[in-house]
>>> print(open('entry11.txt').read())   # compact mmCIF, C-alpha atoms and all ligand atoms
# COMPACT_ATOMS: atom_id res chain seq x y z
CA MET A 1 0.00 0.00 0.00
CA ALA A 2 1.42 3.35 -0.95
CA GLY A 3 1.63 5.84 1.88
CA GLU A 4 0.26 9.36 1.86
CA SER A 5 2.65 12.21 1.65
CA ASP A 6 2.43 15.97 1.72
CA THR A 7 5.63 16.35 -0.22
CA ASN A 8 5.13 17.05 -3.89
CA PRO A 9 6.98 14.29 -5.77
CA PHE A 10 7.37 16.38 -8.93
CA ARG A 11 10.31 18.75 -9.28
CA TYR A 12 11.37 21.18 -11.91
CA GLY A 13 14.41 23.39 -12.13
CA ALA A 14 16.94 21.46 -10.10
CA LEU A 15 18.71 18.33 -11.32
CA ALA A 16 16.37 15.35 -11.47
CA LEU A 17 18.03 12.97 -9.03
CA ASP A 18 17.11 9.53 -7.72
CA ASP A 19 13.35 9.38 -7.40
CA ALA A 20 12.75 12.37 -9.64
CA PHE A 21 14.63 10.77 -12.52
CA THR A 22 12.90 8.44 -14.93
CA ASP A 23 13.61 6.42 -18.04
CA ARG A 24 16.63 7.23 -20.25
CA ALA A 25 17.81 3.64 -19.76
CA ARG A 26 19.14 3.40 -23.30
CA GLU A 27 21.03 6.69 -23.06
CA ILE A 28 22.54 5.78 -19.69
CA LYS A 29 23.79 2.50 -21.06
CA GLU A 30 25.22 4.03 -24.21
CA LEU A 31 26.94 6.95 -22.51
CA THR A 32 28.37 4.75 -19.77
CA ALA A 33 29.81 2.33 -22.30
CA ASP A 34 31.26 5.21 -24.36
CA ALA A 35 32.92 6.79 -21.35
CA LEU A 36 34.38 3.50 -20.16
CA SER A 37 36.01 2.99 -23.51
CA GLY A 38 37.42 6.50 -23.64
CA GLN A 39 35.08 7.61 -26.41
CA ASP A 40 34.57 11.38 -26.56
CA VAL A 41 30.89 12.33 -26.77
CA VAL A 42 28.98 15.50 -27.36
CA LEU A 43 25.47 15.45 -25.93
CA PHE A 44 23.17 18.00 -27.57
CA ALA A 45 19.71 18.94 -26.52
CA PRO A 46 17.52 21.99 -26.22
CA ARG A 47 17.41 23.69 -22.85
CA ARG A 48 15.88 21.79 -19.94
CA TYR A 49 15.70 18.44 -21.68
CA GLY A 50 17.61 16.77 -18.87
CA LYS A 51 21.22 16.78 -20.07
CA SER A 52 22.75 17.54 -16.69
CA SER A 53 20.46 15.11 -14.89
CA LEU A 54 21.30 12.36 -17.34
CA MET A 55 25.01 13.00 -16.96
CA TRP A 56 24.63 12.84 -13.21
CA ARG A 57 23.10 9.36 -13.52
CA VAL A 58 25.82 8.32 -15.93
CA SER A 59 28.48 9.56 -13.50
CA GLN A 60 26.95 7.38 -10.79
CA GLU A 61 27.17 4.37 -13.08
CA LEU A 62 30.75 5.20 -13.97
CA VAL A 63 31.80 5.58 -10.36
CA LYS A 64 30.26 2.16 -9.60
CA ARG A 65 32.62 0.82 -12.23
CA ARG A 66 35.67 2.38 -10.56
CA ALA A 67 35.88 5.21 -13.08
CA LEU A 68 36.94 8.70 -12.04
CA VAL A 69 34.68 11.52 -13.19
CA ALA A 70 35.48 15.22 -12.94
CA GLU A 71 32.94 17.77 -14.06
CA VAL A 72 33.10 21.50 -14.70
CA ASN A 73 30.21 23.75 -15.66
CA LEU A 74 31.44 26.43 -18.05
CA MET A 75 28.46 28.63 -17.25
CA THR A 76 30.10 29.47 -13.94
CA THR A 77 33.60 30.03 -15.33
CA PRO A 78 33.61 33.32 -17.26
CA THR A 79 37.40 33.59 -17.44
CA ILE A 80 40.40 31.31 -17.95
CA THR A 81 41.37 31.90 -14.32
CA ARG A 82 37.93 30.88 -13.03
CA LEU A 83 38.00 27.83 -15.24
CA ALA A 84 41.39 26.83 -13.84
CA GLU A 85 40.06 27.30 -10.31
CA LYS A 86 36.94 25.22 -10.86
CA LEU A 87 38.90 22.55 -12.63
CA ALA A 88 41.41 22.38 -9.79
CA ARG A 89 38.57 21.91 -7.36
CA ALA A 90 36.93 19.20 -9.47
CA ILE A 91 40.25 17.38 -9.78
CA HIS A 92 40.76 17.61 -6.05
CA ASP A 93 37.26 16.57 -5.03
CA ASP A 94 36.41 14.00 -7.69
CA ILE A 95 39.76 12.48 -8.55
CA ALA A 96 42.50 13.11 -5.98
CA SER A 97 40.12 12.43 -3.06
CA ARG A 98 39.35 9.03 -4.48
CA LEU A 99 42.97 8.10 -5.08
CA PHE A 100 44.94 9.57 -2.20
CA ARG A 101 44.75 10.05 1.55
CA ALA A 102 43.89 13.56 2.70
CA LYS A 103 47.49 14.56 3.40
CA GLU A 104 48.69 13.62 -0.08
CA ARG A 105 45.89 15.05 -2.16
CA LEU A 106 47.23 18.52 -2.68
CA SER A 107 50.51 17.15 -3.95
CA VAL A 108 48.81 16.51 -7.29
CA PHE A 109 49.10 20.24 -7.90
CA GLN A 110 52.88 20.28 -7.49
CA GLY A 111 54.72 21.65 -10.46
CA LEU A 112 51.96 23.99 -11.66
CA ARG A 113 53.38 27.25 -12.99
CA VAL A 114 50.98 29.17 -10.75
CA ARG A 115 50.39 27.54 -7.36
CA PRO A 116 46.76 27.61 -6.25
CA VAL A 117 45.86 29.30 -3.00
CA VAL A 118 43.76 26.77 -1.13
CA THR A 119 41.04 27.92 1.24
CA VAL A 120 39.18 25.66 3.63
CA ASP A 121 35.51 26.34 4.28
CA PRO A 122 35.26 26.15 8.10
CA ASP A 123 31.63 25.01 7.90
CA ASP A 124 32.06 21.84 5.89
CA GLY A 125 35.79 21.44 5.41
CA SER A 126 35.50 21.72 1.63
CA LEU A 127 38.39 23.29 -0.26
CA SER A 128 38.33 26.02 -2.83
CA PHE A 129 41.16 27.07 -5.09
CA SER A 130 42.20 30.44 -6.41
CA PHE A 131 44.90 31.58 -8.75
CA ASP A 132 46.42 34.99 -8.29
CA ALA A 133 44.63 37.30 -10.74
CA ALA A 134 47.77 39.45 -11.04
CA ARG A 135 49.73 36.68 -12.71
CA ARG A 136 50.70 37.02 -16.34
CA PRO A 137 48.04 35.58 -18.66
CA GLU A 138 50.51 33.13 -20.24
CA ASP A 139 51.26 31.69 -16.79
CA VAL A 140 47.58 31.12 -16.13
CA VAL A 141 47.15 29.52 -19.55
CA ALA A 142 50.13 27.21 -18.92
CA THR A 143 48.58 26.29 -15.57
CA LEU A 144 45.23 25.54 -17.14
CA GLU A 145 46.95 23.36 -19.71
CA ARG A 146 48.60 21.27 -16.98
CA LEU A 147 45.27 21.00 -15.14
CA LEU A 148 43.56 19.77 -18.30
CA GLU A 149 46.20 17.04 -18.58
CA LEU A 150 45.99 16.05 -14.95
CA PRO A 151 42.87 13.82 -14.85
CA GLY A 152 44.29 11.63 -17.62
CA ARG A 153 47.66 11.37 -15.94
CA LEU A 154 46.34 10.55 -12.47
CA ALA A 155 43.92 7.95 -13.80
CA GLY A 156 46.55 6.48 -16.11
CA GLU A 157 48.99 5.93 -13.25
CA ARG A 158 46.29 4.01 -11.37
CA LYS A 159 44.89 2.28 -14.44
CA ARG A 160 41.45 3.67 -13.80
CA PRO A 161 38.95 4.75 -16.48
CA VAL A 162 38.40 8.51 -16.41
CA ALA A 163 35.88 10.97 -17.79
CA LEU A 164 36.17 14.72 -17.94
CA VAL A 165 32.77 16.36 -18.31
CA PHE A 166 32.08 19.92 -19.47
CA ASP A 167 28.54 21.12 -18.93
CA GLU A 168 27.27 24.17 -20.88
CA PHE A 169 30.16 23.66 -23.26
CA GLN A 170 28.76 26.17 -25.76
CA GLU A 171 30.14 28.87 -23.42
CA VAL A 172 33.69 27.85 -24.32
CA VAL A 173 33.92 30.37 -27.14
CA ASP A 174 32.89 33.24 -24.88
CA ILE A 175 35.47 32.48 -22.20
CA ASP A 176 38.38 32.98 -24.56
CA PRO A 177 38.57 32.61 -28.33
CA GLN A 178 41.82 30.64 -27.95
CA LEU A 179 40.39 28.20 -25.44
CA PRO A 180 38.91 25.62 -27.86
CA ARG A 181 42.25 25.23 -29.60
CA LEU A 182 44.10 24.87 -26.32
CA MET A 183 41.67 22.28 -24.96
CA ARG A 184 41.62 20.32 -28.16
CA SER A 185 45.41 20.15 -28.36
CA VAL A 186 45.59 18.71 -24.85
CA PHE A 187 42.71 16.28 -25.34
CA GLN A 188 44.09 14.95 -28.60
CA GLU A 189 47.01 13.49 -26.67
CA GLN A 190 44.70 11.61 -24.29
CA PRO A 191 42.84 8.93 -26.22
CA GLU A 192 42.09 7.01 -23.02
CA VAL A 193 40.25 9.92 -21.38
CA ALA A 194 36.55 10.21 -22.23
CA HIS A 195 35.67 13.86 -22.77
CA VAL A 196 31.99 14.55 -22.52
CA TYR A 197 30.58 17.85 -23.73
CA LEU A 198 27.03 18.84 -22.82
CA GLY A 199 25.39 21.82 -24.38
CA SER A 200 22.27 23.61 -25.45
CA LYS A 201 22.11 26.48 -27.94
CA ARG A 202 22.12 24.00 -30.71
CA HIS A 203 23.46 26.22 -33.47
CA MET A 204 26.49 27.04 -31.36
CA MET A 205 27.24 23.46 -30.42
CA HIS A 206 26.80 22.41 -34.03
CA ARG A 207 29.27 25.04 -35.13
CA ILE A 208 31.86 23.97 -32.58
CA PHE A 209 31.70 20.33 -33.64
CA ASN A 210 30.62 20.45 -37.28
CA ASP A 211 32.58 23.36 -38.74
CA ALA A 212 35.74 22.19 -40.45
CA ASN A 213 37.55 25.34 -39.28
CA GLU A 214 36.86 24.69 -35.63
CA PRO A 215 39.36 22.76 -33.50
CA PHE A 216 36.69 20.37 -32.21
CA TRP A 217 35.52 19.50 -35.71
CA ARG A 218 34.30 15.90 -35.72
CA SER A 219 36.26 15.15 -32.59
CA ALA A 220 33.45 13.45 -30.68
CA LYS A 221 30.55 11.09 -31.18
CA GLN A 222 27.35 13.11 -31.36
CA VAL A 223 24.40 12.04 -29.26
CA GLU A 224 21.16 13.94 -29.51
CA LEU A 225 18.91 13.79 -26.49
CA GLY A 226 15.19 13.80 -27.21
CA VAL A 227 12.13 14.13 -25.01
CA ILE A 228 11.17 11.26 -22.71
CA ASP A 229 8.90 8.66 -24.34
CA THR A 230 5.33 9.28 -23.33
CA GLY A 231 4.81 5.60 -22.45
CA PRO A 232 7.32 5.41 -19.60
CA PHE A 233 6.72 9.05 -18.66
CA GLY A 234 3.00 8.34 -18.22
CA GLU A 235 3.70 5.35 -16.00
CA TYR A 236 6.11 7.44 -13.97
CA ILE A 237 3.44 10.09 -13.40
CA GLU A 238 0.96 7.44 -12.23
CA ARG A 239 3.53 5.93 -9.86
CA GLN A 240 4.40 9.30 -8.34
CA PHE A 241 0.73 9.99 -7.59
CA GLU A 242 0.25 6.52 -6.18
CA ARG A 243 3.22 6.53 -3.89
CA THR A 244 2.01 9.76 -2.32
CA GLY A 245 -1.50 8.44 -1.69
CA ARG A 246 -3.25 9.97 -4.70
CA THR A 247 -4.59 8.69 -8.00
CA ILE A 248 -4.44 10.12 -11.49
CA GLU A 249 -6.89 8.98 -14.15
CA ARG A 250 -5.50 7.85 -17.46
CA PRO A 251 -7.24 10.67 -19.42
CA ALA A 252 -5.54 13.18 -17.12
CA VAL A 253 -2.14 11.61 -17.80
CA ASP A 254 -2.89 11.81 -21.51
CA ALA A 255 -3.95 15.45 -21.20
CA VAL A 256 -0.68 16.31 -19.44
CA LEU A 257 1.39 14.61 -22.11
CA ALA A 258 -0.69 16.16 -24.90
CA HIS A 259 0.46 19.56 -23.62
CA THR A 260 4.08 18.70 -22.93
CA HIS A 261 4.83 15.98 -25.52
CA GLY A 262 7.20 14.43 -22.98
CA HIS A 263 9.32 17.55 -22.51
CA PRO A 264 11.00 16.65 -19.20
CA TYR A 265 10.89 20.01 -17.47
CA ALA A 266 7.46 20.96 -18.76
CA THR A 267 5.96 17.62 -17.73
CA GLN A 268 7.34 17.88 -14.22
CA GLU A 269 6.12 21.46 -13.93
CA LEU A 270 2.58 20.73 -15.05
CA CYS A 271 2.45 17.64 -12.83
CA TYR A 272 3.75 19.68 -9.91
CA PHE A 273 0.73 21.98 -10.10
CA LEU A 274 -1.66 19.12 -10.83
CA TRP A 275 -0.45 17.22 -7.78
CA GLN A 276 -0.69 20.41 -5.71
CA ARG A 277 -4.41 20.60 -6.53
CA THR A 278 -5.04 16.97 -5.60
CA ALA A 279 -5.70 16.30 -1.92
CA ALA A 280 -4.56 13.07 -0.28
CA GLY A 281 -6.88 10.20 -1.20
CA GLU A 282 -8.34 12.07 -4.18
CA VAL A 283 -8.26 11.51 -7.92
CA ALA A 284 -6.85 13.93 -10.49
CA VAL A 285 -9.06 14.02 -13.59
CA ALA A 286 -8.64 15.60 -17.02
CA ALA A 287 -10.52 18.78 -16.05
CA ASP A 288 -7.95 19.34 -13.28
CA VAL A 289 -5.20 19.50 -15.91
CA ARG A 290 -6.81 22.67 -17.37
CA LEU A 291 -6.73 24.29 -13.95
CA ALA A 292 -3.18 23.16 -13.32
CA LEU A 293 -2.19 24.65 -16.64
CA GLY A 294 -3.63 27.97 -15.47
CA SER A 295 -1.36 27.78 -12.42
CA VAL A 296 1.65 27.09 -14.63
CA LEU A 297 0.83 30.12 -16.78
CA ASN A 298 0.47 32.28 -13.68
CA SER A 299 3.77 31.18 -12.30
CA GLU A 300 5.53 31.69 -15.66
CA HIS A 301 3.83 35.01 -16.37
CA ALA A 302 6.80 37.20 -15.48
CA HIS A 303 9.12 35.08 -17.59
CA PHE A 304 6.85 35.08 -20.64
CA SER A 305 6.20 38.81 -20.31
CA LEU A 306 9.94 39.39 -20.57
CA VAL A 307 10.18 37.12 -23.61
CA TRP A 308 7.32 39.05 -25.20
CA ASP A 309 8.85 42.45 -24.40
CA ASP A 310 12.12 41.36 -25.98
CA ALA A 311 10.48 40.22 -29.22
CA SER A 312 10.29 42.56 -32.23
CA SER A 313 6.91 43.26 -33.80
CA HIS A 314 7.60 40.78 -36.63
CA GLN A 315 8.65 38.16 -34.13
CA ARG A 316 5.44 38.71 -32.18
CA LEU A 317 3.35 38.33 -35.32
CA LEU A 318 5.10 35.10 -36.06
CA LEU A 319 4.82 33.78 -32.50
CA ARG A 320 1.12 34.57 -32.48
CA ALA A 321 0.65 32.71 -35.77
CA LEU A 322 2.64 29.70 -34.58
CA ALA A 323 0.70 29.59 -31.31
CA ASP A 324 -2.43 29.31 -33.40
CA GLU A 325 -1.03 26.97 -36.03
CA PRO A 326 2.40 25.31 -36.33
CA GLY A 327 3.37 25.13 -40.00
CA HIS A 328 5.40 26.62 -42.84
CA PRO A 329 5.58 30.37 -42.19
CA LEU A 330 7.50 31.09 -45.39
CA SER A 331 4.87 29.62 -47.67
CA SER A 332 2.48 32.11 -49.20
CA ASP A 333 -0.55 30.05 -48.12
CA TYR A 334 0.45 30.14 -44.50
CA ARG A 335 1.29 33.83 -44.59
CA ARG A 336 -2.00 34.67 -46.26
CA ARG A 337 -3.98 32.63 -43.74
CA GLN A 338 -2.20 34.19 -40.79
CA GLY A 339 -1.90 37.69 -42.25
CA LEU A 340 1.89 37.70 -42.08
CA PRO A 341 4.17 40.12 -43.95
CA SER A 342 6.86 39.26 -46.52
CA ALA A 343 8.72 35.94 -46.53
CA SER A 344 12.05 37.74 -46.08
CA SER A 345 10.91 39.48 -42.89
CA MET A 346 9.52 36.20 -41.59
CA GLN A 347 12.78 34.49 -42.46
CA ARG A 348 14.67 36.93 -40.22
CA ALA A 349 12.13 36.54 -37.43
CA LEU A 350 12.36 32.74 -37.67
CA GLN A 351 16.13 32.84 -37.39
CA ALA A 352 16.10 35.13 -34.38
CA LEU A 353 13.45 33.06 -32.58
CA GLU A 354 15.31 29.87 -33.33
CA GLN A 355 18.54 31.30 -31.95
CA ALA A 356 16.66 32.33 -28.82
CA GLU A 357 15.50 28.69 -28.64
CA LEU A 358 11.86 29.69 -28.59
CA ILE A 359 10.90 27.82 -31.74
CA GLY A 360 11.90 24.57 -33.39
CA ARG A 361 12.24 24.02 -37.13
CA ASP A 362 12.39 20.93 -39.25
CA ARG A 363 12.33 20.93 -43.04
CA GLY A 364 10.55 24.26 -43.20
CA ARG A 365 7.95 23.42 -40.59
CA ALA A 366 8.11 25.59 -37.49
CA TRP A 367 6.50 25.35 -34.06
CA ILE A 368 6.88 27.01 -30.67
CA SER A 369 9.26 24.85 -28.67
CA GLU A 370 9.32 26.87 -25.45
CA PRO A 371 6.93 24.93 -23.23
CA PHE A 372 3.63 26.69 -22.45
CA LEU A 373 4.50 29.80 -24.44
CA ALA A 374 1.85 28.99 -27.06
CA GLU A 375 -0.75 28.52 -24.31
CA TRP A 376 0.36 31.77 -22.67
CA ILE A 377 0.03 33.72 -25.92
CA GLU A 378 -3.45 32.33 -26.49
CA ALA A 379 -4.55 32.89 -22.90
CA ASN A 380 -3.30 36.49 -22.85
CA ASP A 381 -4.48 37.23 -26.36
CA ALA A 382 -1.06 38.84 -26.64
N1 LIG B 401 15.08 11.73 -16.62
C1 LIG B 401 14.22 12.62 -16.13
N2 LIG B 401 13.08 12.21 -15.53
C2 LIG B 401 12.21 13.11 -15.05
N3 LIG B 401 12.37 14.44 -15.12
C3 LIG B 401 13.47 14.91 -15.69
C4 LIG B 401 14.46 14.03 -16.22
N4 LIG B 401 15.46 14.77 -16.73
C5 LIG B 401 15.11 16.05 -16.53
N5 LIG B 401 13.92 16.15 -15.90
C6 LIG B 401 13.21 17.42 -15.56
O1 LIG B 401 13.78 18.44 -16.35
C7 LIG B 401 14.36 19.47 -15.54
C8 LIG B 401 15.64 19.95 -16.19
O2 LIG B 401 16.66 18.96 -16.11
P1 LIG B 401 18.19 19.31 -16.32
O3 LIG B 401 18.57 20.50 -15.52
O4 LIG B 401 18.94 18.07 -16.16
O5 LIG B 401 18.16 19.72 -17.89
P2 LIG B 401 19.29 20.41 -18.77
O6 LIG B 401 19.05 19.92 -20.16
O7 LIG B 401 20.62 20.20 -18.17
O8 LIG B 401 18.83 21.93 -18.64
P3 LIG B 401 19.69 23.26 -18.93
O9 LIG B 401 19.64 23.43 -20.41
O10 LIG B 401 18.90 24.33 -18.22
O11 LIG B 401 21.06 23.04 -18.39
C9 LIG B 401 14.54 18.83 -14.18
O12 LIG B 401 14.44 19.81 -13.16
C10 LIG B 401 13.39 17.85 -14.12
O13 LIG B 401 12.22 18.51 -13.73
MG MG B 402 22.08 21.55 -17.53
>>> encode(input="entry11.txt", output="structure tokens", more="lines below")
Ligand SMILES: Nc1ncnc2c1ncn2[C@@H]1O[C@H](COP(=O)(O)OP(=O)(O)OP(=O)(O)O)[C@@H](O)[C@H]1O
Ligand SMILES: [Mg+2]
Amino acid sequence: MAGESDTNPFRYGALALDDAFTDRAREIKELTADALSGQDVVLFAPRRYGKSSLMWRVSQELVKRRALVAEVNLMTTPTITRLAEKLARAIHDDIASRLFRAKERLSVFQGLRVRPVVTVDPDDGSLSFSFDAARRPEDVVATLERLLELPGRLAGERKRPVALVFDEFQEVVDIDPQLPRLMRSVFQEQPEVAHVYLGSKRHMMHRIFNDANEPFWRSAKQVELGVIDTGPFGEYIERQFERTGRTIERPAVDAVLAHTHGHPYATQELCYFLWQRTAAGEVAVAADVRLALGSVLNSEHAHFSLVWDDASSHQRLLLRALADEPGHPLSSDYRRRQGLPSASSMQRALQALEQAELIGRDRGRAWISEPFLAEWIEANDA
């Protein structure tokens, strides 16, 4: 018998860990096998599809198999110095700590051109690393280069598999235009290290890996992460209701998935509000999904208002049309039906909206990909 619980089992925003994580069995298996064999992988997906959560699960699998996994998020490393600092910390926490006793760990940083200043957090004993900002840039670059080599060297000495993971990798070009070349030259010498690159902003990631002039050109196996299959996602939703002492009717599950199409974040968000409306012992029905959707739109109102304010008048026309009818906005039929201006102006609007990751496009067909934005536009008669 499932117990009752007042804790909402649906989560959106943070990493989906443990209980919050579902499915992706095939991807976990594939990425784990790739990493164990030292295969470099680039994992593409639109925002909030679950890249980081998936990689977290894969890291757990890898660690179970004695692999060492160090991860750095490039979103939080705006400069080469910050990147070196975060990387030093990841190497310390995720690699050195698993190979050496406490006293010996810091010795892995011997021989760096710039020695890190190590600070201990008195609350939890965790270490952070900083490199003197006044140092000459070439010294910091040389230090970063050594740090990039370090995971491979440490793992190699111990004959352990190792993966080096970069989340939000599309930021690499903004940190320093020379950085991709530097990273690539180090990584090329380390066939046994699995480098895993996660990223959104599809056009950017595609350029980094598919442009023959870019250092990372065809350097990694490309894996594209899709939405979660509605079959397993539906069962997951039912289980989460059940284990917290509630029930959800099948038509309600279908209504949720009809709105979200298995988009991981969107599905969790809609279910969060649906669960919130369902008292212990009660049943969520399809009509409740409408009301839950209203709550989602309320809670996202500030965000969507900003998106709308940022859009040009042509972009708004196009968004309004796509909210009403996904289709081929460059065709004269579509433009006539929706009262849209010239194909060339729509072409520019499409490009801008695609870059902003608000719409998706496939062989000329376009649709709004930002979850709930179409519903918001309709509801606000924007
Ligand atoms: N496997 C999963 N099962 C259930 N929900 C998931 C899963 N993966 C992701 N989610 C939902 O999607 C949300 C976003 O996940 P995550 O942060 O991993 O995505 P991301 O692609 O890394 O996003 P971003 O582009 O913002 O970095 C989570 O908070 C969770 O609600
Ligand atoms: Mg992420």
>>> closest_residue(input="entry11.txt", among="A:Arg82, A:Arg218, A:Lys201, A:Arg158", to="ligand LIG 401 (chain B)", atoms="only C-alpha atoms and all ligand atoms")
A:Lys201
>>> closest_residue(input="entry11.txt", among="A:Gln170, A:Asn213, A:Ser295, A:Thr278", to="Phe44 in chain A", atoms="all atoms listed in the file")
A:Gln170
>>> residues_near_ligand(input="entry11.txt", ligand="ligand MG 402 (chain B)", cutoff="8 Å", atoms="only C-alpha atoms and all ligand atoms", output="PDB file with C-alpha atoms, in the frame of the given file")
ATOM      1  CA  LEU A  15      18.710  18.330 -11.320  1.00  0.00           C
ATOM      2  CA  ARG A  47      17.410  23.690 -22.850  1.00  0.00           C
ATOM      3  CA  ARG A  48      15.880  21.790 -19.940  1.00  0.00           C
ATOM      4  CA  GLY A  50      17.610  16.770 -18.870  1.00  0.00           C
ATOM      5  CA  LYS A  51      21.220  16.780 -20.070  1.00  0.00           C
ATOM      6  CA  SER A  52      22.750  17.540 -16.690  1.00  0.00           C
ATOM      7  CA  SER A  53      20.460  15.110 -14.890  1.00  0.00           C
ATOM      8  CA  ASP A 167      28.540  21.120 -18.930  1.00  0.00           C
ATOM      9  CA  GLU A 168      27.270  24.170 -20.880  1.00  0.00           C
ATOM     10  CA  LEU A 198      27.030  18.840 -22.820  1.00  0.00           C
ATOM     11  CA  GLY A 199      25.390  21.820 -24.380  1.00  0.00           C
TER      12      GLY A 199
END
>>> closest_residue(input="entry11.txt", among="A:Leu43, A:His328, A:Ser344, A:Leu87", to="His206 in chain A", atoms="all atoms listed in the file")
A:Leu43
>>> closest_residue(input="entry11.txt", among="A:Asp124, A:Thr119, A:Gly245, A:Thr81", to="Thr143 in chain A", atoms="all atoms listed in the file")
A:Thr81
>>> residues_around(input="entry11.txt", residues="Ala379 in chain A", least_positions_apart="4", cutoff="10 Å", atoms="all atoms listed in the file", output="MDAnalysis selection string")
chainID A and resid 294 297 373:375
>>> closest_residue(input="entry11.txt", among="A:Glu192, A:Asp18, A:Asp362, A:Asp40", to="ligand LIG 401 (chain B)", atoms="only C-alpha atoms and all ligand atoms")
A:Asp18
>>> closest_residue(input="entry11.txt", among="A:Glu149, A:Lys159, A:Ala252, A:Asn210", to="Arg184 in chain A", atoms="all atoms listed in the file")
A:Glu149
>>> residues_near_ligand(input="entry11.txt", ligand="ligand LIG 401 (chain B)", cutoff="8 Å", atoms="all atoms listed in the file", output="ChimeraX atom specification")
/A:10-16,20-24,45-55,167-168,199-200,228,233,263-269
>>> atom_distance(input="entry11.txt", atom1="CA of Lys221 in chain A", atom2="CA of Asp34 in chain A")
9.0 Å
>>> atom_distance(input="entry11.txt", atom1="CA of Thr77 in chain A", atom2="CA of Gln178 in chain A")
15.1 Å
>>> residues_around(input="entry11.txt", residues="Thr247 in chain A", least_positions_apart="2", cutoff="7 Å", atoms="all atoms listed in the file", output="MDAnalysis selection string")
chainID A and resid 241:242 249 282:284
>>> atom_distance(input="entry11.txt", atom1="CA of His195 in chain A", atom2="CA of Ala163 in chain A")
5.8 Å
>>> residues_near_point(input="entry11.txt", point="(41.1, 8.9, -23.8)", cutoff="9 Å", atoms="all atoms listed in the file", output="list of chain:residue names")
A:Ala35, A:Ser37, A:Gly38, A:Gln39, A:Asp40, A:Gly152, A:Pro161, A:Val162, A:Ala163, A:Phe187, A:Gln188, A:Glu189, A:Gln190, A:Pro191, A:Glu192, A:Val193, A:Ala194, A:His195
>>> residues_around(input="entry11.txt", residues="Val253 in chain A", least_positions_apart="6", cutoff="8 Å", atoms="all atoms listed in the file", output="list in words")
Gly234, Ile237, Glu238 and Ala286 of chain A
>>> residues_around(input="entry11.txt", residues="Val256 in chain A", least_positions_apart="6", cutoff="8 Å", atoms="all atoms listed in the file", output="MDAnalysis selection string")
chainID A and resid 267 270:271 289
>>> residues_around(input="entry11.txt", residues="Val114 in chain A", least_positions_apart="5", cutoff="12 Å", atoms="all atoms listed in the file", output="PyMOL selection string")
chain A and resi 81+84-85+88+109+129-147
>>> write_last_selection(input="entry11.txt", atoms="C-alpha atoms", output="PDB file, in the coordinates of the input")
ATOM      1  CA  THR A  81      41.370  31.900 -14.320  1.00  0.00           C
ATOM      2  CA  ALA A  84      41.390  26.830 -13.840  1.00  0.00           C
ATOM      3  CA  GLU A  85      40.060  27.300 -10.310  1.00  0.00           C
ATOM      4  CA  ALA A  88      41.410  22.380  -9.790  1.00  0.00           C
ATOM      5  CA  PHE A 109      49.100  20.240  -7.900  1.00  0.00           C
ATOM      6  CA  PHE A 129      41.160  27.070  -5.090  1.00  0.00           C
ATOM      7  CA  SER A 130      42.200  30.440  -6.410  1.00  0.00           C
ATOM      8  CA  PHE A 131      44.900  31.580  -8.750  1.00  0.00           C
ATOM      9  CA  ASP A 132      46.420  34.990  -8.290  1.00  0.00           C
ATOM     10  CA  ALA A 133      44.630  37.300 -10.740  1.00  0.00           C
ATOM     11  CA  ALA A 134      47.770  39.450 -11.040  1.00  0.00           C
ATOM     12  CA  ARG A 135      49.730  36.680 -12.710  1.00  0.00           C
ATOM     13  CA  ARG A 136      50.700  37.020 -16.340  1.00  0.00           C
ATOM     14  CA  PRO A 137      48.040  35.580 -18.660  1.00  0.00           C
ATOM     15  CA  GLU A 138      50.510  33.130 -20.240  1.00  0.00           C
ATOM     16  CA  ASP A 139      51.260  31.690 -16.790  1.00  0.00           C
ATOM     17  CA  VAL A 140      47.580  31.120 -16.130  1.00  0.00           C
ATOM     18  CA  VAL A 141      47.150  29.520 -19.550  1.00  0.00           C
ATOM     19  CA  ALA A 142      50.130  27.210 -18.920  1.00  0.00           C
ATOM     20  CA  THR A 143      48.580  26.290 -15.570  1.00  0.00           C
ATOM     21  CA  LEU A 144      45.230  25.540 -17.140  1.00  0.00           C
ATOM     22  CA  GLU A 145      46.950  23.360 -19.710  1.00  0.00           C
ATOM     23  CA  ARG A 146      48.600  21.270 -16.980  1.00  0.00           C
ATOM     24  CA  LEU A 147      45.270  21.000 -15.140  1.00  0.00           C
TER      25      LEU A 147
END
